[in-house]
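**Student:** Okay, handing you the structure first.
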Amino acid sequence: MDCPPTWFASPWGPCSTTCGAGVRGREVVCYHGDHTSTSCDPDNMPVIKISCMNTPCPRENDEVDENCMDNSAANCELVLRVNLCGHWYYKRACCHSCSRIPTTTSPPPTVAASSRLQRRRKTKTRMRSRLSFHGDDFRSP
C-alpha cells in the first residue's frame, strides 16, 4: 500500500536578531515515500517563518553598570583587539572589558589594511604599464 505525500518540518532555527523583534525559520519539505515530492496539499503546509522577540535592544545612550559581567559568548578579547567597544551591542555584551579601556579616536585596523591594499593595487598598475610600454602586454585577456 502506497503512503500519501506528507509534509515534514525541521526544528525551528534561532531568532534572526540578538535583541528586539526578529524571525525564526525552518525547512519544510514534502515527501512521498523516500523521495521529495510536489504532491502535498499546499493548504496543509506547516508554517515556515514565525516572529520572535528577544530582550529589548538597549538604546545607544544607555549607561553601563560598572559591576556588569562580560557575556561569555561575545568573545570580548577579540572585541577589544579590533576596537569594537564603540558599537552599542559590544559595549553592552563586553561591558566589563570595554569599561576598562580609555576611549580612543584612532581608526579601526581595517582602515590601515584597506590602504595597504590600495598601495598594492597602484604598484600592480605601474608594473603593468611598464610591461605594456615595452610592447608586450602580459595581462590576462
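Going through the C-alpha cells in order, the chains are called A, B, and so on, while each chain numbers its residues from 1 and the ligands are numbered from 1 in the order shown.
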Using only C-alpha atoms, determine which residues lie at most 12 Å from Ala74 of chain A, disregarding the query and same-chain residues fewer than 6 positions distant; provide the list as a list in words.
**Tutor:**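 After dropping sequence-adjacent residues, the list is Thr18, Leu80, Leu84, Cys85, Tyr89, Tyr90, Lys91, Arg92, Ala93, Cys94, Cys95, His96, Ser97 and Cys98 of chain A.
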**Student:** Using only C-alpha atoms, determine which residues lie at most 12 Å from Asn44 of chain A, disregarding the query and same-chain residues fewer than 5 positions distant; provide the list as a PyMOL selection string.
**Tutor:** chain A and resi 5-8+28-30+39
**Student:** Can I get the selection written as a compact mmCIF listing (two decimals), in the first residue's frame, with N, CA, C and O atoms?
**Tutor:**
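Result file is result28.txt:
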# COMPACT_ATOMS: atom_id res chain seq x y z
N PRO A 5 1.56 11.52 0.18
CA PRO A 5 2.62 12.51 0.39
C PRO A 5 2.41 13.21 1.73
O PRO A 5 1.28 13.46 2.16
N THR A 6 3.52 13.52 2.42
CA THR A 6 3.44 14.09 3.77
C THR A 6 4.45 15.24 3.92
O THR A 6 5.58 15.15 3.44
N TRP A 7 4.02 16.29 4.61
CA TRP A 7 4.91 17.40 4.93
C TRP A 7 5.78 17.04 6.12
O TRP A 7 5.30 16.47 7.10
N PHE A 8 7.08 17.38 6.07
CA PHE A 8 7.99 17.22 7.19
C PHE A 8 8.65 18.57 7.45
O PHE A 8 9.07 19.25 6.50
N VAL A 28 10.77 23.16 5.42
CA VAL A 28 9.58 22.32 5.28
C VAL A 28 9.65 21.65 3.91
O VAL A 28 9.82 22.32 2.90
N VAL A 29 9.57 20.32 3.91
CA VAL A 29 9.72 19.55 2.67
C VAL A 29 8.59 18.53 2.57
O VAL A 29 8.20 17.92 3.56
N CYS A 30 8.11 18.35 1.36
CA CYS A 30 7.09 17.33 1.08
C CYS A 30 7.80 16.04 0.66
O CYS A 30 8.65 16.06 -0.23
N SER A 39 3.58 16.81 -4.46
CA SER A 39 2.19 16.35 -4.38
C SER A 39 1.47 16.67 -3.08
O SER A 39 0.29 16.37 -2.94
**Student:** DSSP on the backbone, then: every residue of segment 15-82 of chain A marked alpha helix (DSSP H), written as a ChimeraX atom specification.
**Tutor:** /A:76-81
**Student:** For the atom pair atom CA of Thr38 of chain A and atom CA of Pro11 of chain A, what is the interatomic distance in Å to one decimal place?
**Tutor:** 21.1 Å
**Student:** Find the distance between atom CA of Ser72 of chain A and atom CA of Trp12 of chain A and write it in Å to one decimal.
**Tutor:** 24.1 Å
**Student:** Calculate how many Å separate atom CA of Ala73 of chain A from atom CA of Ser99 of chain A, rounding to one decimal.
**Tutor:** 17.7 Å
**Student:** So that I can check the surroundings of Pro14 of chain A, please list as a CSV table (one decimal) with all heavy atoms, in the first residue's frame every protein, DNA and RNA residue that reaches within 9 Å of it, counting only C-alpha atoms and ignoring chain neighbours fewer than 3 positions away.
**Tutor:**
chain,number,residue,atom,x,y,z
A,17,THR,N,17.6,38.0,15.3
A,17,THR,CA,18.2,39.1,16.0
A,17,THR,C,18.7,38.7,17.4
A,17,THR,O,18.1,37.7,18.0
A,17,THR,CB,17.2,40.3,16.1
A,17,THR,OG1,16.1,39.8,16.8
A,17,THR,CG2,16.8,40.8,14.7
A,23,VAL,N,12.9,37.0,13.3
A,23,VAL,CA,12.2,36.0,12.6
A,23,VAL,C,12.9,34.7,12.9
A,23,VAL,O,14.1,34.6,12.8
A,23,VAL,CB,12.1,36.3,11.1
A,23,VAL,CG1,11.4,35.1,10.4
A,23,VAL,CG2,11.4,37.6,10.8
A,24,ARG,N,12.2,33.6,13.1
A,24,ARG,CA,12.7,32.2,13.2
A,24,ARG,C,12.2,31.5,11.9
A,24,ARG,O,11.1,31.7,11.5
A,24,ARG,CB,12.2,31.5,14.4
A,24,ARG,CG,12.8,32.1,15.7
A,24,ARG,CD,12.2,31.4,16.9
A,24,ARG,NE,12.7,30.1,16.9
A,24,ARG,CZ,12.7,29.3,18.0
A,24,ARG,NH1,12.1,29.7,19.1
A,24,ARG,NH2,13.2,28.1,17.9
A,25,GLY,N,13.0,30.6,11.4
A,25,GLY,CA,12.6,29.9,10.2
A,25,GLY,C,13.0,28.4,10.4
A,25,GLY,O,13.7,28.0,11.3
**Student:** Give me the residues within 12 Å of Cys3 of chain A as a list of chain:residue names, counting only C-alpha atoms and dropping any in the same chain fewer than 2 places off.
**Tutor:**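 Once the adjacent positions are removed, what remains is A:Met1, A:Pro5, A:Thr6, A:Tyr31, A:His32, A:Gly33, A:Asp34, A:His35, A:Ser39, A:Cys40.
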**Student:** Apply DSSP to the backbone of this structure and, from segment 18-52 of chain A, keep only the residues in strand (DSSP E); write these as a VMD selection string.
**Tutor:** chain A and resid 21 to 25 28 to 32 35 to 36 49 to 52
**Student:** How would the residues just chosen look if you wrote them out with C-alpha atoms as a PDB file, in the first residue's frame?
**Tutor:**
ATOM      1  CA  ALA A  21      11.885  41.607  17.092  1.00  0.00           C
ATOM      2  CA  GLY A  22      13.173  39.028  14.650  1.00  0.00           C
ATOM      3  CA  VAL A  23      12.180  35.977  12.624  1.00  0.00           C
ATOM      4  CA  ARG A  24      12.718  32.237  13.159  1.00  0.00           C
ATOM      5  CA  GLY A  25      12.632  29.854  10.241  1.00  0.00           C
ATOM      6  CA  VAL A  28       9.579  22.319   5.285  1.00  0.00           C
ATOM      7  CA  VAL A  29       9.718  19.553   2.669  1.00  0.00           C
ATOM      8  CA  CYS A  30       7.094  17.329   1.082  1.00  0.00           C
ATOM      9  CA  TYR A  31       7.991  13.635   0.965  1.00  0.00           C
ATOM     10  CA  HIS A  32       6.251  10.828  -0.881  1.00  0.00           C
ATOM     11  CA  HIS A  35      11.650  10.957  -2.208  1.00  0.00           C
ATOM     12  CA  THR A  36      10.805  14.633  -2.196  1.00  0.00           C
ATOM     13  CA  LYS A  49       8.609  31.524   9.397  1.00  0.00           C
ATOM     14  CA  ILE A  50       7.384  32.958  12.689  1.00  0.00           C
ATOM     15  CA  SER A  51       8.192  36.138  14.544  1.00  0.00           C
ATOM     16  CA  CYS A  52      10.301  36.046  17.698  1.00  0.00           C
TER      17      CYS A  52
END
**Student:** Point out the residue among A:Pro42, A:Gly20, A:Arg81, A:Cys68 with the least atom-to-atom distance to Thr55 of chain A, counting only C-alpha atoms.
**Tutor:**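 Distance minimum relative to Thr55 of chain A lands on A:Gly20.
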